[in-house]
>>> print(open('input-v7.txt').read())   # compact mmCIF, C-alpha atoms
# COMPACT_ATOMS: atom_id res chain seq x y z
CA MET T 1392 -133.12 23.40 126.84
CA THR T 1393 -136.58 24.86 127.48
CA ALA T 1394 -139.57 22.61 128.07
CA SER T 1395 -141.12 23.52 124.73
CA LEU T 1396 -137.95 22.90 122.76
CA SER T 1397 -137.43 19.54 124.49
CA LEU T 1398 -140.75 18.35 123.04
CA ILE T 1399 -139.67 18.99 119.45
CA PRO T 1400 -138.82 15.61 117.89
CA PRO T 1401 -135.29 15.12 116.53
CA THR T 1402 -134.68 15.32 112.80
CA LEU T 1403 -132.38 12.36 112.21
CA ARG T 1404 -133.85 8.86 112.35
CA PRO T 1405 -132.18 5.44 112.74
CA THR T 1406 -131.66 3.63 109.45
CA ASN T 1407 -132.56 0.39 111.18
CA PRO T 1408 -134.94 0.62 114.17
CA ARG T 1409 -134.57 -3.06 115.12
CA PHE T 1410 -133.23 -3.34 118.66
CA SER T 1411 -134.92 -6.61 119.64
CA SER T 1412 -133.06 -8.95 122.00
CA GLY T 1413 -134.06 -12.00 119.99
CA PRO T 1414 -134.43 -12.62 117.19
CA CYS T 1415 -131.82 -9.91 116.85
CA THR T 1416 -131.35 -7.60 113.91
CA LYS T 1417 -129.69 -9.25 110.94
CA PRO T 1418 -126.35 -8.46 109.39
CA PRO T 1419 -126.23 -7.61 105.68
CA HIS T 1420 -126.75 -10.80 103.65
CA PRO T 1421 -128.32 -11.90 100.35
CA SER T 1422 -132.02 -11.29 99.96
CA MET T 1423 -134.48 -13.99 100.96
CA THR T 1424 -135.27 -14.56 97.29
CA ALA T 1425 -131.66 -15.43 96.57
CA LEU T 1426 -131.56 -17.60 99.69
CA GLN T 1427 -134.60 -19.57 98.52
CA GLN T 1428 -132.85 -20.41 95.27
CA HIS T 1429 -129.96 -22.13 97.05
CA PRO T 1430 -129.42 -25.70 95.78
CA ILE T 1431 -129.74 -27.25 99.26
CA LEU T 1432 -133.37 -26.17 99.64
CA GLY T 1433 -135.97 -28.83 98.94
CA ARG T 1434 -133.34 -31.53 99.51
CA SER T 1435 -133.17 -34.11 102.28
CA HIS T 1436 -131.01 -32.97 105.17
CA ARG T 1437 -129.28 -36.35 104.80
CA ALA T 1438 -128.26 -35.63 101.20
CA ALA T 1439 -124.52 -35.16 100.80
CA ILE T 1440 -124.85 -31.51 99.75
CA CYS T 1441 -126.92 -30.72 102.86
CA MET T 1442 -124.67 -32.68 105.19
CA GLU T 1443 -121.74 -30.63 103.94
CA GLN T 1444 -123.54 -27.40 104.84
CA LEU T 1445 -124.36 -28.68 108.33
CA LYS T 1446 -120.74 -29.69 108.83
CA LEU T 1447 -119.64 -26.31 107.50
CA ALA T 1448 -121.84 -24.54 110.04
CA ILE T 1449 -120.17 -26.53 112.81
CA ARG T 1450 -116.64 -25.96 111.49
CA GLN T 1451 -117.08 -22.23 110.96
CA THR T 1452 -118.69 -21.76 114.38
CA ARG T 1453 -115.74 -23.54 115.97
CA GLU T 1454 -113.28 -21.37 114.03
CA LEU T 1455 -115.07 -18.08 114.71
CA LEU T 1456 -115.42 -18.76 118.44
CA GLU T 1457 -111.96 -20.37 118.72
CA ILE T 1458 -113.40 -23.43 120.45
CA PRO T 1459 -110.72 -25.96 121.46
CA THR T 1460 -110.31 -28.86 119.04
CA ASN T 1461 -111.00 -31.46 121.75
CA TYR T 1462 -114.45 -29.96 122.45
CA LYS T 1463 -117.47 -31.36 120.61
CA LEU T 1464 -119.89 -28.98 118.90
CA GLY T 1465 -123.29 -30.02 117.56
CA ILE T 1466 -126.54 -28.67 116.15
CA VAL T 1467 -129.54 -29.67 118.27
CA PRO T 1468 -133.30 -29.00 118.25
CA ALA T 1469 -135.35 -26.35 120.04
CA SER T 1470 -132.97 -23.42 120.18
CA ASP T 1471 -130.87 -22.65 123.26
CA THR T 1472 -133.67 -23.97 125.46
CA GLY T 1473 -133.49 -27.40 123.87
CA ALA T 1474 -129.70 -27.44 124.05
CA PHE T 1475 -129.57 -26.56 127.75
CA GLU T 1476 -132.38 -28.97 128.65
CA MET T 1477 -130.51 -31.70 126.79
CA ALA T 1478 -127.39 -30.97 128.83
CA MET T 1479 -129.21 -30.99 132.16
CA TRP T 1480 -131.13 -34.19 131.51
CA ASN T 1481 -128.02 -36.07 130.35
CA LEU T 1482 -125.44 -34.77 132.83
CA LEU T 1483 -127.06 -33.80 136.11
CA GLY T 1484 -127.59 -36.23 138.96
CA ALA T 1485 -124.10 -37.71 139.13
CA ARG T 1486 -122.92 -35.08 141.66
CA ASP T 1487 -124.49 -32.52 143.94
CA VAL T 1488 -125.76 -29.48 142.04
CA GLU T 1489 -125.69 -25.71 142.49
CA MET T 1490 -128.14 -23.68 140.44
CA LEU T 1491 -127.33 -19.99 139.96
CA ALA T 1492 -130.06 -17.64 138.80
CA TRP T 1493 -130.27 -13.86 138.42
CA GLU T 1494 -133.00 -13.56 135.80
CA SER T 1495 -135.96 -15.41 134.30
CA PHE T 1496 -134.14 -17.99 132.16
CA GLY T 1497 -131.86 -18.98 135.02
CA GLN T 1498 -134.96 -19.34 137.17
CA GLY T 1499 -136.38 -21.63 134.49
CA TRP T 1500 -133.37 -23.92 134.79
CA VAL T 1501 -133.86 -23.95 138.57
CA THR T 1502 -137.47 -25.06 138.10
CA ASP T 1503 -136.47 -27.86 135.73
CA CYS T 1504 -133.74 -29.08 138.06
CA VAL T 1505 -135.78 -29.01 141.26
CA LYS T 1506 -139.32 -29.76 140.09
CA GLN T 1507 -138.78 -31.91 136.99
CA LEU T 1508 -135.51 -33.74 137.67
CA LYS T 1509 -136.29 -33.50 141.40
CA LEU T 1510 -132.68 -32.98 142.43
CA ASN T 1511 -131.87 -31.67 145.88
CA ALA T 1512 -129.92 -28.71 144.56
CA THR T 1513 -128.41 -25.72 146.29
CA VAL T 1514 -130.11 -22.72 144.71
CA ARG T 1515 -128.46 -19.30 144.75
CA THR T 1516 -130.45 -16.39 143.37
CA ALA T 1517 -130.06 -12.64 142.97
CA GLU T 1518 -132.53 -9.89 142.18
CA TYR T 1519 -132.72 -8.37 138.71
CA GLY T 1520 -129.69 -6.14 138.26
CA ASP T 1521 -127.39 -8.23 140.47
CA ILE T 1522 -125.61 -11.60 140.22
CA VAL T 1523 -124.81 -14.09 142.96
CA ASP T 1524 -121.52 -14.13 144.84
CA LEU T 1525 -119.44 -16.35 142.56
CA ALA T 1526 -116.70 -16.65 145.19
CA SER T 1527 -119.11 -18.60 147.41
CA VAL T 1528 -119.99 -21.19 144.76
CA ASP T 1529 -118.78 -24.75 145.34
CA TRP T 1530 -117.25 -25.65 141.97
CA ASP T 1531 -116.79 -29.26 143.08
CA LYS T 1532 -120.52 -29.56 142.47
CA ASP T 1533 -122.12 -29.39 139.04
CA VAL T 1534 -122.98 -25.72 138.53
CA CYS T 1535 -125.63 -24.38 136.10
CA PHE T 1536 -125.80 -20.69 135.22
CA THR T 1537 -126.43 -18.15 132.49
CA TRP T 1538 -123.34 -16.22 131.42
CA ASN T 1539 -125.42 -13.22 130.35
CA GLY T 1540 -128.80 -12.50 131.88
CA THR T 1541 -130.69 -11.57 128.73
CA THR T 1542 -133.69 -10.31 130.69
CA SER T 1543 -131.75 -8.54 133.46
CA GLY T 1544 -128.80 -6.98 131.64
CA VAL T 1545 -126.14 -8.47 133.89
CA CYS T 1546 -123.34 -10.87 133.00
CA VAL T 1547 -120.52 -12.82 134.58
CA PRO T 1548 -117.57 -10.40 134.54
CA SER T 1549 -115.02 -13.17 133.90
CA GLY T 1550 -114.32 -16.84 134.53
CA ASP T 1551 -111.56 -16.12 137.05
CA LEU T 1552 -113.54 -17.44 140.02
CA ILE T 1553 -114.29 -20.78 138.36
CA SER T 1554 -111.82 -23.26 139.78
CA ASP T 1555 -109.30 -24.82 137.40
CA ASP T 1556 -109.24 -28.02 139.45
CA ARG T 1557 -112.99 -28.26 139.96
CA LYS T 1558 -114.46 -31.73 140.33
CA GLY T 1559 -117.89 -30.76 139.06
CA LEU T 1560 -119.04 -29.67 135.63
CA THR T 1561 -119.93 -26.11 134.64
CA LEU T 1562 -123.08 -25.90 132.50
CA CYS T 1563 -123.35 -22.45 130.93
CA ASP T 1564 -126.30 -21.00 129.02
CA ALA T 1565 -124.43 -18.45 126.92
CA THR T 1566 -127.01 -17.64 124.28
CA SER T 1567 -126.67 -13.84 124.40
CA ALA T 1568 -122.97 -13.88 125.29
CA VAL T 1569 -121.17 -15.89 122.59
CA PHE T 1570 -119.92 -13.72 119.71
CA ALA T 1571 -120.12 -10.66 122.01
CA MET T 1572 -118.07 -11.60 125.09
CA ASN T 1573 -114.84 -13.50 125.61
CA MET T 1574 -115.73 -17.04 126.64
CA PRO T 1575 -113.11 -18.83 128.81
CA TRP T 1576 -113.50 -22.28 127.27
CA ASP T 1577 -111.18 -23.97 129.76
CA LYS T 1578 -113.59 -22.94 132.54
CA LEU T 1579 -116.73 -24.19 130.78
CA ASP T 1580 -117.73 -27.83 130.29
CA VAL T 1581 -121.06 -27.28 128.57
CA VAL T 1582 -121.99 -24.17 126.59
CA THR T 1583 -125.27 -23.64 124.76
CA PHE T 1584 -126.56 -20.89 122.50
CA SER T 1585 -128.97 -20.25 119.66
CA TRP T 1586 -128.69 -18.77 116.20
CA GLN T 1587 -131.27 -16.01 116.61
CA LYS T 1588 -129.22 -14.13 119.16
CA VAL T 1589 -125.94 -12.30 118.61
CA LEU T 1590 -125.42 -13.06 114.91
CA GLY T 1591 -129.04 -12.41 113.96
CA GLY T 1592 -129.83 -15.88 112.62
CA GLU T 1593 -133.24 -17.55 112.68
CA ALA T 1594 -134.82 -19.51 115.53
CA ALA T 1595 -135.44 -23.19 116.39
CA HIS T 1596 -131.86 -24.46 116.25
CA GLY T 1597 -129.48 -24.67 119.19
CA MET T 1598 -125.77 -25.31 119.58
CA LEU T 1599 -124.37 -27.66 122.20
CA ILE T 1600 -120.67 -27.55 123.09
CA LEU T 1601 -119.13 -30.26 125.27
CA SER T 1602 -115.70 -30.35 126.91
CA PRO T 1603 -113.78 -33.63 127.30
CA ARG T 1604 -114.91 -33.69 130.96
CA ALA T 1605 -118.55 -33.45 129.91
CA ILE T 1606 -118.07 -36.17 127.29
CA ARG T 1607 -116.50 -38.42 129.93
CA ARG T 1608 -119.54 -37.86 132.17
CA ILE T 1609 -121.91 -38.80 129.36
CA GLU T 1610 -120.01 -42.02 128.68
CA THR T 1611 -119.74 -43.09 132.32
CA TYR T 1612 -123.05 -41.99 133.84
CA VAL T 1613 -126.58 -43.21 133.18
CA PRO T 1614 -129.28 -40.83 134.47
CA PRO T 1615 -131.98 -42.46 136.64
CA TRP T 1616 -134.80 -40.91 134.58
CA PRO T 1617 -136.01 -41.82 131.08
CA LEU T 1618 -134.61 -39.69 128.26
CA PRO T 1619 -136.81 -38.80 125.28
CA LYS T 1620 -135.26 -39.61 121.92
CA ILE T 1621 -134.79 -35.95 121.14
CA PHE T 1622 -132.53 -35.60 124.24
CA ARG T 1623 -130.33 -38.68 123.91
CA LEU T 1624 -126.60 -38.01 123.56
CA SER T 1625 -125.25 -41.55 124.07
CA LYS T 1626 -125.85 -45.09 122.96
CA ASP T 1627 -124.42 -48.21 124.60
CA GLY T 1628 -122.21 -46.10 126.82
CA GLN T 1629 -120.70 -44.07 123.99
CA LEU T 1630 -121.28 -40.51 122.85
CA ILE T 1631 -123.27 -40.41 119.61
CA ASN T 1632 -120.55 -38.72 117.58
CA GLY T 1633 -122.78 -38.27 114.55
CA LEU T 1634 -124.69 -35.59 116.43
CA PHE T 1635 -121.51 -33.52 116.35
CA ALA T 1636 -120.84 -34.15 112.67
CA GLY T 1637 -124.04 -32.75 111.18
CA GLU T 1638 -126.25 -35.81 111.75
CA THR T 1639 -129.00 -33.94 113.53
CA ILE T 1640 -131.51 -35.68 115.80
CA ASN T 1641 -134.48 -34.31 113.89
CA THR T 1642 -134.96 -32.55 110.57
CA PRO T 1643 -133.29 -29.13 110.50
CA SER T 1644 -134.46 -26.23 108.35
CA MET T 1645 -131.90 -25.98 105.58
CA LEU T 1646 -133.15 -22.46 104.87
CA VAL T 1647 -132.24 -21.51 108.44
CA VAL T 1648 -128.90 -23.32 108.15
CA GLU T 1649 -128.02 -21.35 105.03
CA ASN T 1650 -129.07 -18.12 106.70
CA TYR T 1651 -126.81 -18.93 109.65
CA LEU T 1652 -123.92 -19.60 107.27
CA ASN T 1653 -124.50 -16.15 105.75
CA CYS T 1654 -124.28 -14.66 109.25
CA LEU T 1655 -121.02 -16.51 109.91
CA THR T 1656 -119.59 -15.35 106.56
CA TRP T 1657 -120.45 -11.77 107.42
CA ALA T 1658 -118.83 -12.11 110.87
CA PHE T 1659 -115.59 -13.37 109.31
CA SER T 1660 -115.69 -10.55 106.75
CA ILE T 1661 -115.68 -7.79 109.38
CA GLY T 1662 -112.83 -9.29 111.41
CA GLY T 1663 -114.31 -12.13 113.45
CA THR T 1664 -115.36 -12.35 117.06
CA GLY T 1665 -112.91 -9.66 118.17
CA GLU T 1666 -114.66 -7.11 115.99
CA LEU T 1667 -118.09 -8.33 117.08
CA ILE T 1668 -117.07 -7.81 120.71
CA ARG T 1669 -115.66 -4.36 119.94
CA ARG T 1670 -118.89 -3.32 118.24
CA ALA T 1671 -121.06 -4.59 121.11
CA ASN T 1672 -118.87 -2.77 123.64
CA ALA T 1673 -119.08 0.48 121.66
CA ASN T 1674 -122.84 0.21 121.24
CA ALA T 1675 -123.40 -0.44 124.93
CA GLN T 1676 -120.99 2.33 125.94
CA ALA T 1677 -122.95 4.85 123.90
CA ILE T 1678 -126.05 4.02 125.97
CA TRP T 1679 -124.13 4.02 129.27
CA ASP T 1680 -122.69 7.45 128.47
CA PHE T 1681 -126.18 8.70 127.63
CA CYS T 1682 -127.47 7.47 131.02
CA ASP T 1683 -124.48 8.86 132.94
CA ALA T 1684 -125.26 12.34 131.59
CA ARG T 1685 -128.89 12.23 132.78
CA ASP T 1686 -130.59 11.92 136.15
CA TRP T 1687 -133.81 10.26 134.98
CA ILE T 1688 -132.51 6.98 133.54
CA ASP T 1689 -129.97 4.44 134.73
CA ASN T 1690 -128.60 0.97 134.05
CA LEU T 1691 -130.49 -1.83 135.80
CA ALA T 1692 -127.16 -3.56 136.57
CA SER T 1693 -126.09 -2.32 139.99
CA ASP T 1694 -122.38 -3.03 139.44
CA PRO T 1695 -120.74 -1.59 136.29
CA ALA T 1696 -118.46 -4.66 136.17
CA THR T 1697 -121.47 -6.89 135.52
CA ARG T 1698 -123.19 -4.74 132.87
CA SER T 1699 -124.16 -6.68 129.77
CA ASN T 1700 -122.88 -5.32 126.46
CA THR T 1701 -125.67 -7.05 124.51
CA SER T 1702 -128.98 -6.85 126.38
CA VAL T 1703 -128.68 -3.42 127.96
CA CYS T 1704 -131.48 -3.04 130.50
CA LEU T 1705 -132.48 0.41 131.74
CA LYS T 1706 -134.75 1.80 134.46
CA PHE T 1707 -136.44 5.19 134.83
CA THR T 1708 -135.39 6.89 138.06
CA ASN T 1709 -137.35 10.15 138.12
CA PRO T 1710 -139.53 10.08 141.29
CA GLU T 1711 -142.08 12.32 139.52
CA ILE T 1712 -143.15 9.40 137.29
CA ARG T 1713 -146.48 8.23 138.70
CA ASN T 1714 -146.69 4.75 137.23
CA ILE T 1715 -143.34 3.35 136.09
CA ALA T 1716 -144.84 0.32 134.35
CA GLN T 1717 -147.33 2.32 132.29
CA PHE T 1718 -144.80 5.08 131.64
CA SER T 1719 -142.30 2.56 130.28
CA LYS T 1720 -144.90 0.94 128.03
CA SER T 1721 -145.89 4.35 126.68
CA ILE T 1722 -142.26 5.16 125.83
CA VAL T 1723 -141.89 1.83 124.02
CA LYS T 1724 -145.11 2.34 122.05
CA ARG T 1725 -144.29 5.92 121.12
CA LEU T 1726 -140.88 4.96 119.73
CA GLU T 1727 -142.31 2.01 117.84
CA ASP T 1728 -145.12 4.12 116.37
CA GLU T 1729 -142.49 6.59 115.16
CA ASP T 1730 -140.46 3.72 113.61
CA ILE T 1731 -137.53 4.71 115.81
CA ALA T 1732 -137.05 1.60 117.97
CA TYR T 1733 -138.83 -1.74 117.87
CA ASP T 1734 -139.18 -4.26 120.72
CA ILE T 1735 -137.28 -2.39 123.42
CA GLY T 1736 -139.63 -3.03 126.33
CA ALA T 1737 -138.30 -4.81 129.41
CA TYR T 1738 -138.94 -8.56 129.56
CA ARG T 1739 -142.32 -9.40 131.08
CA ASP T 1740 -140.84 -10.82 134.32
CA ALA T 1741 -138.26 -8.05 134.73
CA PRO T 1742 -138.72 -4.68 136.47
CA PRO T 1743 -140.44 -2.08 134.25
CA GLY T 1744 -138.09 -0.26 131.93
CA LEU T 1745 -136.28 -0.74 128.63
CA ARG T 1746 -134.10 -3.43 127.08
CA ILE T 1747 -132.01 -2.33 124.09
CA TRP T 1748 -130.02 -4.89 122.13
CA CYS T 1749 -126.45 -3.81 121.39
CA GLY T 1750 -124.89 -6.88 119.76
CA GLY T 1751 -122.46 -6.57 116.86
CA THR T 1752 -125.11 -6.59 114.12
CA VAL T 1753 -126.44 -3.28 115.46
CA GLN T 1754 -124.83 -0.20 113.91
CA ILE T 1755 -123.60 2.36 116.43
CA SER T 1756 -124.99 5.14 114.23
CA ASP T 1757 -128.47 3.73 114.82
CA ILE T 1758 -127.89 3.71 118.60
CA GLN T 1759 -126.61 7.29 118.49
CA THR T 1760 -129.56 8.44 116.38
CA MET T 1761 -132.13 6.62 118.50
CA LEU T 1762 -131.04 8.06 121.85
CA PRO T 1763 -132.21 11.67 121.24
CA TRP T 1764 -135.59 10.20 120.31
CA LEU T 1765 -135.61 8.31 123.61
CA GLU T 1766 -135.10 11.58 125.45
CA TRP T 1767 -137.83 13.21 123.37
CA ALA T 1768 -140.24 10.37 124.14
CA TYR T 1769 -139.40 10.58 127.85
CA ARG T 1770 -140.01 14.32 128.05
CA THR T 1771 -143.18 14.07 125.98
CA GLU T 1772 -144.63 11.34 128.22
CA LEU T 1773 -143.60 13.20 131.36
CA ALA T 1774 -145.36 16.36 130.15
CA GLN T 1775 -148.54 14.37 129.47
CA GLN T 1776 -148.79 12.78 132.90
>>> encode(input="input-v7.txt", output="structure tokens")
Amino acid sequence: MTASLSLIPPTLRPTNPRFSSGPCTKPPHPSMTALQQHPILGRSHRAAICMEQLKLAIRQTRELLEIPTNYKLGIVPASDTGAFEMAMWNLLGARDVEMLAWESFGQGWVTDCVKQLKLNATVRTAEYGDIVDLASVDWDKDVCFTWNGTTSGVCVPSGDLISDDRKGLTLCDATSAVFAMNMPWDKLDVVTFSWQKVLGGEAAHGMLILSPRAIRRIETYVPPWPLPKIFRLSKDGQLINGLFAGETINTPSMLVVENYLNCLTWAFSIGGTGELIRRANANAQAIWDFCDARDWIDNLASDPATRSNTSVCLKFTNPEIRNIAQFSKSIVKRLEDEDIAYDIGAYRDAPPGLRIWCGGTVQISDIQTMLPWLEWAYRTELAQQ
């Protein structure tokens, strides 16, 4: 390909240019107008018809994710952040703690544990693109970690190194992993995620999943710090079971609940979590193959075994690029201005580059059509340096 020809923009364009890592692109569902006419809207969330929808959201999530029947699953406030904070404030402090962090959200949990809860935790960190040595983790401690580093594009390759006879609890922020990766429920005592991630729901609501071991901790341990009402999971030494039966702590958006139910219905219709995982794998593989065939772009994840199949993070490797940060921003802006790819810039705390969402709501045809435009944008920016 000559230099002049390489600057000619491609002809085909993505049908859907939304590659944001959250809120993620939506699956096909009824229009917002139809959603607004649903009979639950404008009703109290405590009305029977609304309670049934909240319970349905819990039941269908359990079914889709194949969560064990003896695990509790509830809808909580403040997205994945609220769910994970709730878990930390209720459960930590009973045992020694290890905090694992390899990206910005994991670092946030470290800050909350060390500076807010003031626990003397062992902190293990890795640079963007790597994860910590899981074989060195003491699973007899309580261990907090993200399964998928949304801002770094790395994930836990499996739960094999998590001890089956661990004495501590595993607290897992899995917000960009559930519905796209196989979750080993028997290895995880607390799992949190949010609706605006893999299934393309709306924000502000989180999901909290508790194993029997986590429930036992809640019912036998009283944290030494005060718990705000919005965080409380127990009363008089007993788990508040209503929280896991649709009786939310604060008022949920029934519009958002109904939208989430539409997302769940769509996921079932295409074949469930197995198909969602297959789609995410295929989407990510298309980008990995693109990078493998070029010497100017590469995956941020240093080990292919830890590459995320949802938040695929990329770095520019051409030494001729004078200012990587500005170059990356220019690529992102050019593709957005052309309506080819929206919101694909690297997270603000991550190394300069790109972050392309590949979850199951993204169509592989859009990935395949976007990638030639990415090469065009790269060559155009390089020529203009």
>>> closest_residue(input="input-v7.txt", among="T:Leu1483, T:Met1490, T:Met1572, T:Ile1661", to="Pro1418 in chain T", atoms="all atoms listed in the file")
T:Ile1661
>>> closest_residue(input="input-v7.txt", among="T:Leu1445, T:Cys1654, T:Ala1692, T:Leu1455", to="Tyr1519 in chain T", atoms="only C-alpha atoms")
T:Ala1692
>>> residues_around(input="input-v7.txt", residues="range 1743-1753 of chain T", least_positions_apart="5", cutoff="8 Å", atoms="only C-alpha atoms", output="PyMOL selection string")
chain T and resi 1410-1412+1415-1418+1542+1544+1571+1589-1591+1666-1672+1674-1675+1700-1707+1715-1716+1719-1720+1723+1735-1738+1758
>>> write_last_selection(input="input-v7.txt", atoms="C-alpha atoms", output="compact mmCIF listing (two decimals), keeping the file's coordinate frame")
# COMPACT_ATOMS: atom_id res chain seq x y z
CA PHE T 1410 -133.23 -3.34 118.66
CA SER T 1411 -134.92 -6.61 119.64
CA SER T 1412 -133.06 -8.95 122.00
CA CYS T 1415 -131.82 -9.91 116.85
CA THR T 1416 -131.35 -7.60 113.91
CA LYS T 1417 -129.69 -9.25 110.94
CA PRO T 1418 -126.35 -8.46 109.39
CA THR T 1542 -133.69 -10.31 130.69
CA GLY T 1544 -128.80 -6.98 131.64
CA ALA T 1571 -120.12 -10.66 122.01
CA VAL T 1589 -125.94 -12.30 118.61
CA LEU T 1590 -125.42 -13.06 114.91
CA GLY T 1591 -129.04 -12.41 113.96
CA GLU T 1666 -114.66 -7.11 115.99
CA LEU T 1667 -118.09 -8.33 117.08
CA ILE T 1668 -117.07 -7.81 120.71
CA ARG T 1669 -115.66 -4.36 119.94
CA ARG T 1670 -118.89 -3.32 118.24
CA ALA T 1671 -121.06 -4.59 121.11
CA ASN T 1672 -118.87 -2.77 123.64
CA ASN T 1674 -122.84 0.21 121.24
CA ALA T 1675 -123.40 -0.44 124.93
CA ASN T 1700 -122.88 -5.32 126.46
CA THR T 1701 -125.67 -7.05 124.51
CA SER T 1702 -128.98 -6.85 126.38
CA VAL T 1703 -128.68 -3.42 127.96
CA CYS T 1704 -131.48 -3.04 130.50
CA LEU T 1705 -132.48 0.41 131.74
CA LYS T 1706 -134.75 1.80 134.46
CA PHE T 1707 -136.44 5.19 134.83
CA ILE T 1715 -143.34 3.35 136.09
CA ALA T 1716 -144.84 0.32 134.35
CA SER T 1719 -142.30 2.56 130.28
CA LYS T 1720 -144.90 0.94 128.03
CA VAL T 1723 -141.89 1.83 124.02
CA ILE T 1735 -137.28 -2.39 123.42
CA GLY T 1736 -139.63 -3.03 126.33
CA ALA T 1737 -138.30 -4.81 129.41
CA TYR T 1738 -138.94 -8.56 129.56
CA ILE T 1758 -127.89 3.71 118.60
>>> residues_around(input="input-v7.txt", residues="range 1538-1541 of chain T", least_positions_apart="5", cutoff="8 Å", atoms="all atoms listed in the file", output="PyMOL selection string")
chain T and resi 1412+1493-1494+1496-1497+1546-1547+1563-1568+1699+1701-1702
>>> write_last_selection(input="input-v7.txt", atoms="C-alpha atoms", output="compact mmCIF listing (two decimals), in the coordinates of the input")
# COMPACT_ATOMS: atom_id res chain seq x y z
CA SER T 1412 -133.06 -8.95 122.00
CA TRP T 1493 -130.27 -13.86 138.42
CA GLU T 1494 -133.00 -13.56 135.80
CA PHE T 1496 -134.14 -17.99 132.16
CA GLY T 1497 -131.86 -18.98 135.02
CA CYS T 1546 -123.34 -10.87 133.00
CA VAL T 1547 -120.52 -12.82 134.58
CA CYS T 1563 -123.35 -22.45 130.93
CA ASP T 1564 -126.30 -21.00 129.02
CA ALA T 1565 -124.43 -18.45 126.92
CA THR T 1566 -127.01 -17.64 124.28
CA SER T 1567 -126.67 -13.84 124.40
CA ALA T 1568 -122.97 -13.88 125.29
CA SER T 1699 -124.16 -6.68 129.77
CA THR T 1701 -125.67 -7.05 124.51
CA SER T 1702 -128.98 -6.85 126.38
>>> atom_distance(input="input-v7.txt", atom1="CA of Asp1680 in chain T", atom2="CA of Gln1776 in chain T")
27.0 Å
>>> closest_residue(input="input-v7.txt", among="T:Asp1580, T:Leu1464, T:Leu1655, T:Leu1398", to="Leu1773 in chain T", atoms="all atoms listed in the file")
T:Leu1398
>>> axis_aligned_box(input="input-v7.txt", around="range 1455-1470 of chain T", padding_each_side="6 Å", output="JSON")
{"center_x": -122.8, "center_y": -24.8, "center_z": 118.6, "size_x": 37.0, "size_y": 25.4, "size_z": 19.7}
>>> atom_distance(input="input-v7.txt", atom1="CA of Met1761 in chain T", atom2="CA of Ile1731 in chain T")
6.3 Å
>>> residues_around(input="input-v7.txt", residues="Val1523 in chain T", least_positions_apart="4", cutoff="9 Å", atoms="all atoms listed in the file", output="PyMOL selection string")
chain T and resi 1491-1493+1515-1518+1527-1528
>>> closest_residue(input="input-v7.txt", among="T:Ala1673, T:Ile1522, T:Asn1709, T:Pro1468", to="Trp1586 in chain T", atoms="all atoms listed in the file")
T:Pro1468
>>> decode(input="input-v7.txt", residues="range 1699-1725 of chain T", atoms="C-alpha atoms", output="mmCIF file, in the first residue's frame")
data_model
loop_
_atom_site.group_PDB
_atom_site.id
_atom_site.type_symbol
_atom_site.label_atom_id
_atom_site.label_comp_id
_atom_site.auth_asym_id
_atom_site.auth_seq_id
_atom_site.Cartn_x
_atom_site.Cartn_y
_atom_site.Cartn_z
ATOM 1 C CA SER T 1699 -9.519 -8.941 28.695
ATOM 2 C CA ASN T 1700 -12.182 -9.885 26.159
ATOM 3 C CA THR T 1701 -14.348 -6.889 27.108
ATOM 4 C CA SER T 1702 -12.228 -3.789 27.726
ATOM 5 C CA VAL T 1703 -9.510 -4.286 25.130
ATOM 6 C CA CYS T 1704 -6.747 -1.766 25.817
ATOM 7 C CA LEU T 1705 -4.205 -0.932 23.118
ATOM 8 C CA LYS T 1706 -0.961 1.037 22.920
ATOM 9 C CA PHE T 1707 0.824 2.649 19.970
ATOM 10 C CA THR T 1708 4.344 1.254 19.579
ATOM 11 C CA ASN T 1709 5.814 3.162 16.636
ATOM 12 C CA PRO T 1710 8.921 5.009 17.961
ATOM 13 C CA GLU T 1711 8.390 7.704 15.300
ATOM 14 C CA ILE T 1712 5.344 9.021 17.204
ATOM 15 C CA ARG T 1713 6.535 12.203 18.915
ATOM 16 C CA ASN T 1714 3.888 12.595 21.593
ATOM 17 C CA ILE T 1715 1.972 9.392 22.362
ATOM 18 C CA ALA T 1716 -0.621 11.096 24.558
ATOM 19 C CA GLN T 1717 -1.515 13.764 22.009
ATOM 20 C CA PHE T 1718 -1.321 11.293 19.128
ATOM 21 C CA SER T 1719 -3.780 8.963 20.877
ATOM 22 C CA LYS T 1720 -6.196 11.800 21.610
ATOM 23 C CA SER T 1721 -6.064 12.888 17.977
ATOM 24 C CA ILE T 1722 -6.896 9.361 16.802
ATOM 25 C CA VAL T 1723 -9.855 9.210 19.189
ATOM 26 C CA LYS T 1724 -11.163 12.612 18.080
ATOM 27 C CA ARG T 1725 -10.752 11.863 14.385
#
